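Below is structure-v6.cif, holding mmCIF, C-alpha atoms.
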```cif
data_entry
#
loop_
_atom_site.label_atom_id
_atom_site.label_comp_id
_atom_site.auth_asym_id
_atom_site.auth_seq_id
_atom_site.Cartn_x
_atom_site.Cartn_y
_atom_site.Cartn_z
CA MET V 22 0.00 0.00 0.00
CA THR V 23 1.01 3.62 -0.44
CA LEU V 24 1.05 5.82 2.65
CA LEU V 25 0.91 9.61 2.35
CA TYR V 26 1.48 12.13 5.15
CA PHE V 27 0.63 15.82 5.08
CA ALA V 28 1.31 18.98 7.15
CA TRP V 29 2.65 18.26 10.68
CA VAL V 30 2.09 14.52 10.26
CA ARG V 31 4.66 14.63 7.43
CA GLN V 32 7.06 16.70 9.52
CA LYS V 33 6.87 14.35 12.53
CA VAL V 34 7.16 11.19 10.44
CA GLY V 35 9.99 12.72 8.42
CA ARG V 36 8.68 11.80 4.96
CA GLY V 37 5.70 12.53 2.75
CA GLU V 38 5.23 9.16 1.11
CA GLU V 39 6.24 5.52 1.48
CA ARG V 40 5.18 2.09 0.28
CA ILE V 41 4.67 -0.78 2.72
CA GLU V 42 3.27 -4.28 2.55
CA LEU V 43 -0.06 -4.56 4.34
CA PRO V 44 1.08 -5.74 7.78
CA ALA V 45 -0.36 -9.02 9.11
CA GLY V 46 -3.41 -8.46 11.27
CA VAL V 47 -4.09 -4.94 9.98
CA LYS V 48 -7.72 -4.75 8.88
CA THR V 49 -8.75 -1.13 9.50
CA ILE V 50 -7.29 2.38 9.65
CA ASP V 51 -7.22 2.03 13.46
CA ASP V 52 -5.12 -1.15 13.12
CA LEU V 53 -2.79 0.62 10.69
CA VAL V 54 -2.33 3.52 13.12
CA ALA V 55 -1.42 1.08 15.91
CA HIS V 56 1.11 -0.56 13.59
CA LEU V 57 2.61 2.77 12.48
CA ARG V 58 3.12 3.91 16.09
CA GLY V 59 5.69 1.14 16.40
CA ARG V 60 7.69 2.27 13.36
CA GLY V 61 9.80 4.84 15.24
CA PRO V 62 9.72 7.82 17.61
CA GLY V 63 8.53 10.24 14.88
CA TYR V 64 5.63 7.94 14.02
CA ALA V 65 4.80 7.40 17.71
CA ASP V 66 4.64 11.19 18.12
CA ALA V 67 2.56 11.78 14.96
CA PHE V 68 0.04 9.01 15.75
CA THR V 69 -0.29 9.56 19.53
CA ASP V 70 -3.76 11.11 19.45
CA THR V 71 -6.10 9.99 16.67
CA LYS V 72 -8.58 12.73 17.64
CA ARG V 73 -6.09 15.19 16.06
CA LEU V 74 -5.85 13.12 12.86
CA ARG V 75 -7.94 12.54 9.76
CA ALA V 76 -7.56 9.79 7.18
CA ALA V 77 -8.40 9.18 3.54
CA ILE V 78 -8.45 5.95 1.52
CA ASN V 79 -7.98 6.31 -2.24
CA GLN V 80 -8.55 10.08 -1.91
CA GLU V 81 -11.83 9.94 0.02
CA HIS V 82 -12.33 10.94 3.66
CA VAL V 83 -12.95 7.89 5.87
CA ALA V 84 -13.63 7.03 9.50
CA PHE V 85 -10.93 5.15 11.43
CA ASP V 86 -12.92 1.89 11.55
CA THR V 87 -12.91 1.66 7.72
CA PRO V 88 -11.24 -1.49 6.28
CA VAL V 89 -7.92 -1.10 4.42
CA HIS V 90 -6.64 -3.26 1.56
CA ALA V 91 -3.20 -4.12 0.19
CA GLU V 92 -3.37 -1.81 -2.85
CA ASP V 93 -4.95 1.19 -1.14
CA GLU V 94 -3.53 4.72 -1.07
CA VAL V 95 -3.92 5.75 2.57
CA ALA V 96 -3.32 9.33 3.69
CA PHE V 97 -3.01 10.77 7.20
CA PHE V 98 -3.28 14.47 7.94
CA PRO V 99 -4.56 17.04 10.46
CA PRO V 100 -8.06 18.54 10.11
CA VAL V 101 -8.00 20.67 6.95
CA THR V 102 -7.48 24.47 7.05
CA GLY V 103 -7.92 25.72 3.49
CA GLY V 104 -10.07 28.51 2.14
CA MET P 3 -24.71 41.17 -9.37
CA SER P 4 -28.27 40.60 -10.54
CA GLY P 5 -30.17 40.84 -13.76
CA LEU P 6 -33.17 39.77 -15.72
CA ASP P 7 -33.69 36.37 -17.21
CA PRO P 8 -35.47 37.50 -20.39
CA GLN P 9 -35.79 33.99 -21.73
CA GLY P 10 -37.54 32.78 -18.59
CA GLU P 11 -38.28 29.11 -18.01
CA GLY P 12 -38.09 28.31 -21.70
CA GLY P 13 -34.64 29.87 -22.14
CA ARG P 14 -31.45 28.07 -23.00
CA GLU P 15 -29.58 26.37 -20.19
CA CYS P 16 -26.64 28.29 -18.76
CA ALA P 17 -23.29 26.77 -19.77
CA MET P 18 -22.71 24.33 -16.91
CA THR P 19 -18.94 24.33 -17.07
CA THR P 20 -16.90 23.65 -13.95
CA HIS P 21 -13.33 24.92 -13.66
CA ILE P 22 -11.23 23.80 -10.70
CA ARG P 23 -7.63 24.97 -10.49
CA ILE P 24 -4.99 24.58 -7.78
CA GLN P 25 -2.08 26.88 -8.57
CA GLN P 26 0.75 28.95 -7.13
CA GLU P 27 0.12 31.98 -9.33
CA ASP P 28 -2.44 34.69 -8.66
CA PHE P 29 -5.81 34.88 -10.41
CA ASP P 30 -7.69 37.76 -12.03
CA ILE P 31 -11.23 38.08 -10.67
CA ASN P 32 -12.48 40.18 -13.59
CA SER P 33 -11.40 37.75 -16.29
CA GLU P 34 -12.70 34.77 -14.28
CA THR P 35 -16.16 36.29 -13.82
CA LYS P 36 -16.26 37.50 -17.42
CA ALA P 37 -15.71 33.89 -18.55
CA LEU P 38 -18.86 32.85 -16.64
CA ARG P 39 -21.16 35.26 -18.50
CA SER P 40 -23.52 33.92 -21.12
CA GLY P 41 -26.92 34.76 -22.53
CA THR P 42 -28.90 33.13 -19.74
CA VAL P 43 -26.70 34.16 -16.81
CA GLY P 44 -28.33 36.87 -14.70
CA ALA P 45 -26.07 36.68 -11.66
CA VAL P 46 -22.48 35.88 -10.79
CA ALA P 47 -21.64 35.63 -7.07
CA THR P 48 -17.96 35.63 -6.16
CA PHE P 49 -16.08 35.05 -2.93
CA THR P 50 -12.41 35.99 -2.66
CA GLY P 51 -10.36 34.84 0.33
CA ILE P 52 -7.37 37.07 1.15
CA VAL P 53 -4.37 36.56 3.47
CA ARG P 54 -5.17 38.66 6.55
CA GLY P 55 -2.10 40.52 7.79
CA ASP P 56 -2.93 40.53 11.50
CA ASP P 57 -0.65 39.92 14.53
CA GLY P 58 2.56 40.43 12.58
CA LEU P 59 1.90 37.65 10.09
CA ALA P 60 4.81 37.47 7.62
CA ALA P 61 3.47 34.76 5.31
CA LEU P 62 1.08 31.84 4.92
CA VAL P 63 2.39 28.64 3.39
CA LEU P 64 -0.31 26.39 1.93
CA GLU P 65 0.05 22.76 0.98
CA HIS P 66 -2.51 20.33 -0.43
CA TYR P 67 -3.12 16.71 -1.37
CA PRO P 68 -2.91 16.70 -5.19
CA GLY P 69 -5.66 14.65 -6.77
CA MET P 70 -7.86 14.38 -3.70
CA THR P 71 -8.22 18.17 -3.55
CA GLU P 72 -9.62 18.43 -7.07
CA ARG P 73 -11.89 15.39 -6.56
CA GLU P 74 -13.24 16.70 -3.26
CA ILE P 75 -14.00 20.14 -4.73
CA ALA P 76 -15.58 18.57 -7.85
CA ARG P 77 -17.78 16.40 -5.63
CA HIS P 78 -19.07 19.47 -3.81
CA VAL P 79 -19.66 21.39 -7.03
CA ASP P 80 -21.77 18.41 -8.20
CA GLU P 81 -23.62 18.53 -4.87
CA ALA P 82 -24.23 22.27 -5.35
CA ARG P 83 -25.55 21.64 -8.87
CA SER P 84 -28.03 19.11 -7.46
CA ARG P 85 -29.33 21.73 -5.00
CA TRP P 86 -29.41 24.88 -7.16
CA PRO P 87 -29.82 25.57 -10.90
CA LEU P 88 -26.33 26.83 -11.73
CA GLY P 89 -24.42 27.94 -14.77
CA GLY P 90 -20.64 27.93 -14.79
CA VAL P 91 -18.71 27.42 -11.54
CA THR P 92 -15.05 28.35 -11.06
CA VAL P 93 -13.00 27.43 -7.99
CA ILE P 94 -9.36 28.52 -7.83
CA HIS P 95 -7.22 27.84 -4.75
CA ARG P 96 -3.63 28.99 -4.44
CA VAL P 97 -0.86 26.99 -2.76
CA GLY P 98 2.69 27.84 -1.78
CA ARG P 99 3.97 30.90 0.09
CA LEU P 100 1.54 33.85 0.22
CA ALA P 101 2.02 37.31 1.74
CA PRO P 102 -0.55 39.44 3.61
CA GLY P 103 -2.96 40.96 1.10
CA ASP P 104 -2.48 38.16 -1.43
CA ASN P 105 -5.50 36.31 -2.83
CA ILE P 106 -5.92 32.73 -1.51
CA VAL P 107 -9.15 31.44 -2.99
CA LEU P 108 -11.81 32.36 -5.52
CA VAL P 109 -15.26 30.80 -5.75
CA ALA P 110 -17.36 32.22 -8.61
CA VAL P 111 -20.85 30.91 -9.33
CA ALA P 112 -23.10 31.87 -12.24
CA ALA P 113 -26.85 31.36 -12.27
CA ALA P 114 -29.96 32.82 -13.84
CA HIS P 115 -30.91 34.44 -10.52
CA ARG P 116 -29.02 35.80 -7.52
CA LYS P 117 -30.37 33.54 -4.77
CA ALA P 118 -28.94 30.36 -6.31
CA ALA P 119 -25.62 32.10 -7.01
CA PHE P 120 -25.29 33.51 -3.45
CA GLU P 121 -26.30 30.29 -1.71
CA ALA P 122 -24.18 27.97 -3.85
CA CYS P 123 -21.16 30.24 -3.39
CA GLU P 124 -21.52 30.12 0.41
CA PHE P 125 -22.15 26.36 0.35
CA LEU P 126 -18.99 25.77 -1.67
CA MET P 127 -16.86 27.94 0.62
CA ASP P 128 -18.20 26.23 3.76
CA TYR P 129 -17.32 22.81 2.34
CA LEU P 130 -13.98 23.99 0.98
CA LYS P 131 -12.99 25.08 4.51
CA THR P 132 -13.92 21.77 6.13
CA ARG P 133 -13.40 19.04 3.50
CA ALA P 134 -10.88 20.09 0.83
CA PRO P 135 -7.41 18.83 1.86
CA PHE P 136 -5.42 22.06 2.25
CA TRP P 137 -3.26 22.98 5.24
CA LYS P 138 -1.97 26.44 6.25
CA ARG P 139 1.25 27.20 8.09
CA GLU P 140 1.76 30.72 9.47
CA GLU P 141 5.14 32.41 9.58
CA ARG P 142 5.56 35.22 12.08
CA ASP P 143 8.39 36.61 14.23
CA GLY P 144 10.86 34.18 12.70
CA SER P 145 8.92 31.09 13.79
CA ASP P 146 6.10 29.13 12.19
CA HIS P 147 3.15 27.00 13.26
CA TRP P 148 0.31 25.07 11.64
CA VAL P 149 -3.10 26.71 11.69
CA GLU P 150 -5.64 24.76 13.78
CA ALA P 151 -9.03 23.90 12.30
CA LYS P 152 -11.89 25.97 13.74
CA GLN P 153 -15.08 24.56 15.25
CA SER P 154 -16.98 27.54 13.77
CA ASP P 155 -16.05 26.31 10.28
CA ASP P 156 -17.41 22.82 11.08
CA ASP P 157 -20.60 24.41 12.41
CA ALA P 158 -20.97 26.49 9.23
CA ALA P 159 -20.71 23.37 7.04
CA LYS P 160 -23.21 21.45 9.21
CA LYS P 161 -26.03 23.88 8.44
CA TRP P 162 -26.16 22.55 4.85
CA ARG P 163 -26.82 18.93 5.86
#
```
This structure in structure tokens:
Amino acid sequence: MTLLYFAWVRQKVGRGEERIELPAGVKTIDDLVAHLRGRGPGYADAFTDTKRLRAAINQEHVAFDTPVHAEDEVAFFPPVTGG
Amino acid sequence: MSGLDPQGEGGRECAMTTHIRIQQEDFDINSETKALRSGTVGAVATFTGIVRGDDGLAALVLEHYPGMTEREIARHVDEARSRWPLGGVTVIHRVGRLAPGDNIVLVAVAAAHRKAAFEACEFLMDYLKTRAPFWKREERDGSDHWVEAKQSDDDAAKKWR
């Protein structure tokens, strides 16, 4: 799957994009967040509080209990502030 | 801002063209609204968002999620078209580093009558603020920080549900 990070999520993680294999046991965005927290201190910091995060699968906003699949593009970002 | 619709109910449809652009460069409001005029358009409502130079703001830096941004805006223009009879709709959002006084966003909506144009313009701005994936970083006094989303913007979008 492709993972994308924006705004301060990108800064904390230290990259804007990466490809990973769907980890075993990861079925939802929540599961993916739990997995990513273990990827390093920057990830642990970025994914501490899911209330401060939003997610999209294949460029559509989703809730954190939404299922993820191996070929998905998954993005994590703060609440949007455009306009 | 308003005008007659001499052809009435039996008139030609307004040109229902949608233009969505995400760009670094500035936009020209006059040429954008001129492009929305046609024989059946009686009203063009525009909203222009501008970088507010308060509290010693030096610059705003905007980033976005390419692809999703255009899709999300297009989805809301489609939603607006299902609610109001609209002609052309143009949404331009700038990204990159902007200074106080610079334009950020333009929403321009053409319709036969003003009510549809006003309401659709406000609807699109409310959804742009809460759903389109843009993020603002403020630079001031040599430091910078990410702008936090506002509850008042969420509340504004909720009134359209």
At a cut-off of 12 Å, which residues of chain V touch chain P? Count only C-alpha atoms and give the answer as a tab-separated table (two decimals) with C-alpha atoms, in the coordinates of the input.
```
chain	number	residue	atom	x	y	z
V	25	LEU	CA	0.91	9.61	2.35
V	26	TYR	CA	1.48	12.13	5.15
V	27	PHE	CA	0.63	15.82	5.08
V	28	ALA	CA	1.31	18.98	7.15
V	29	TRP	CA	2.65	18.26	10.68
V	30	VAL	CA	2.09	14.52	10.26
V	31	ARG	CA	4.66	14.63	7.43
V	32	GLN	CA	7.06	16.70	9.52
V	37	GLY	CA	5.70	12.53	2.75
V	38	GLU	CA	5.23	9.16	1.11
V	73	ARG	CA	-6.09	15.19	16.06
V	74	LEU	CA	-5.85	13.12	12.86
V	75	ARG	CA	-7.94	12.54	9.76
V	76	ALA	CA	-7.56	9.79	7.18
V	77	ALA	CA	-8.40	9.18	3.54
V	78	ILE	CA	-8.45	5.95	1.52
V	79	ASN	CA	-7.98	6.31	-2.24
V	80	GLN	CA	-8.55	10.08	-1.91
V	81	GLU	CA	-11.83	9.94	0.02
V	82	HIS	CA	-12.33	10.94	3.66
V	83	VAL	CA	-12.95	7.89	5.87
V	94	GLU	CA	-3.53	4.72	-1.07
V	95	VAL	CA	-3.92	5.75	2.57
V	96	ALA	CA	-3.32	9.33	3.69
V	97	PHE	CA	-3.01	10.77	7.20
V	98	PHE	CA	-3.28	14.47	7.94
V	99	PRO	CA	-4.56	17.04	10.46
V	100	PRO	CA	-8.06	18.54	10.11
V	101	VAL	CA	-8.00	20.67	6.95
V	102	THR	CA	-7.48	24.47	7.05
V	103	GLY	CA	-7.92	25.72	3.49
V	104	GLY	CA	-10.07	28.51	2.14
```
* To do: Give as a PyMOL selection string the residues that the PyMOL selection byres ((chain P and resi 32-40) around 9) matches when applied to the coordinates above.
  => chain P and resi 16-17+19+29-31+41-48+89-92+110-112
Since we have the selection now, will you write its residues out, keeping C-alpha atoms, as a CSV table (one decimal), in the frame of the given file?
```csv
chain,number,residue,atom,x,y,z
P,16,CYS,CA,-26.6,28.3,-18.8
P,17,ALA,CA,-23.3,26.8,-19.8
P,19,THR,CA,-18.9,24.3,-17.1
P,29,PHE,CA,-5.8,34.9,-10.4
P,30,ASP,CA,-7.7,37.8,-12.0
P,31,ILE,CA,-11.2,38.1,-10.7
P,41,GLY,CA,-26.9,34.8,-22.5
P,42,THR,CA,-28.9,33.1,-19.7
P,43,VAL,CA,-26.7,34.2,-16.8
P,44,GLY,CA,-28.3,36.9,-14.7
P,45,ALA,CA,-26.1,36.7,-11.7
P,46,VAL,CA,-22.5,35.9,-10.8
P,47,ALA,CA,-21.6,35.6,-7.1
P,48,THR,CA,-18.0,35.6,-6.2
P,89,GLY,CA,-24.4,27.9,-14.8
P,90,GLY,CA,-20.6,27.9,-14.8
P,91,VAL,CA,-18.7,27.4,-11.5
P,92,THR,CA,-15.0,28.4,-11.1
P,110,ALA,CA,-17.4,32.2,-8.6
P,111,VAL,CA,-20.8,30.9,-9.3
P,112,ALA,CA,-23.1,31.9,-12.2
```
*Residues within 6 Å of (-10.7, 0.4, 7.6), file coords, all atoms listed in the file, listed as an MDAnalysis selection string*: chainID V and resid 49:50 86:89
Practice problem: Can you work out the spacing between CA of Phe125 (chain P) and CA of Ala159 (chain P) in Å, to one decimal? | Solution: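 Result for CA of Phe125 (chain P) versus CA of Ala159 (chain P): 7.5 Å, one decimal.
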* CA of Trp162 (chain P) to CA of Lys72 (chain V): how many Å, to one decimal? ->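 Between these atoms lies a distance of 23.9 Å.
When the PyMOL selection byres ((chain V and resi 39) around 6) is evaluated on the file shown here, the picked residues come out as Thr23, Leu24, Glu38 and Arg40 of chain V.
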List the spatial neighbours of Asp66 (chain V) as a list in words - criterion: any atom at most 9 Å away, only C-alpha atoms, same-chain residues fewer than 6 positions off excluded.
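Contacts, in chain order: Val30, Lys33, Val34 and Arg58 of chain V.
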Using C-alpha atoms, can you export the residues from the last selection as an mmCIF file, in the coordinates of the input?
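Below is the file result00.cif, written as the result:
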```cif
data_model
loop_
_atom_site.group_PDB
_atom_site.id
_atom_site.type_symbol
_atom_site.label_atom_id
_atom_site.label_comp_id
_atom_site.auth_asym_id
_atom_site.auth_seq_id
_atom_site.Cartn_x
_atom_site.Cartn_y
_atom_site.Cartn_z
ATOM 1 C CA VAL V 30 2.090 14.520 10.260
ATOM 2 C CA LYS V 33 6.870 14.350 12.530
ATOM 3 C CA VAL V 34 7.160 11.190 10.440
ATOM 4 C CA ARG V 58 3.120 3.910 16.090
#
```
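Pairwise distance (CA of Phe68 (chain V), CA of Glu92 (chain V)) equals 21.8 Å.
Look at Thr71 (chain V): the protein and nucleic acid residues within 9 Å of it, using all atoms listed in the file and passing over chain neighbours fewer than 6 places away, are Asp51, Val54 and Phe85 of chain V.
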If you count all atoms listed in the file, the residue of P:Arg77, P:Ile22, P:Leu100, P:Asp28 closest to Glu141 (chain P) turns out to be P:Leu100
**Study point:** Ground truth for the PyMOL selection byres ((chain V and resi 56) around 10), written as a list in words
**Key:**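 Applying the expression gives Pro44, Ala45, Gly46, Val47, Ile50, Asp51, Asp52, Leu53, Val54, Ala55, Leu57, Arg58, Gly59, Arg60, Tyr64, Ala65 and Phe68 of chain V.
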Near Asp56 (chain P), within 12 Å and counting all atoms listed in the file, which residues show up once chain neighbours fewer than 3 positions away are dropped, as a ChimeraX atom specification?
/P:52-53,59-62,101-103,140-142
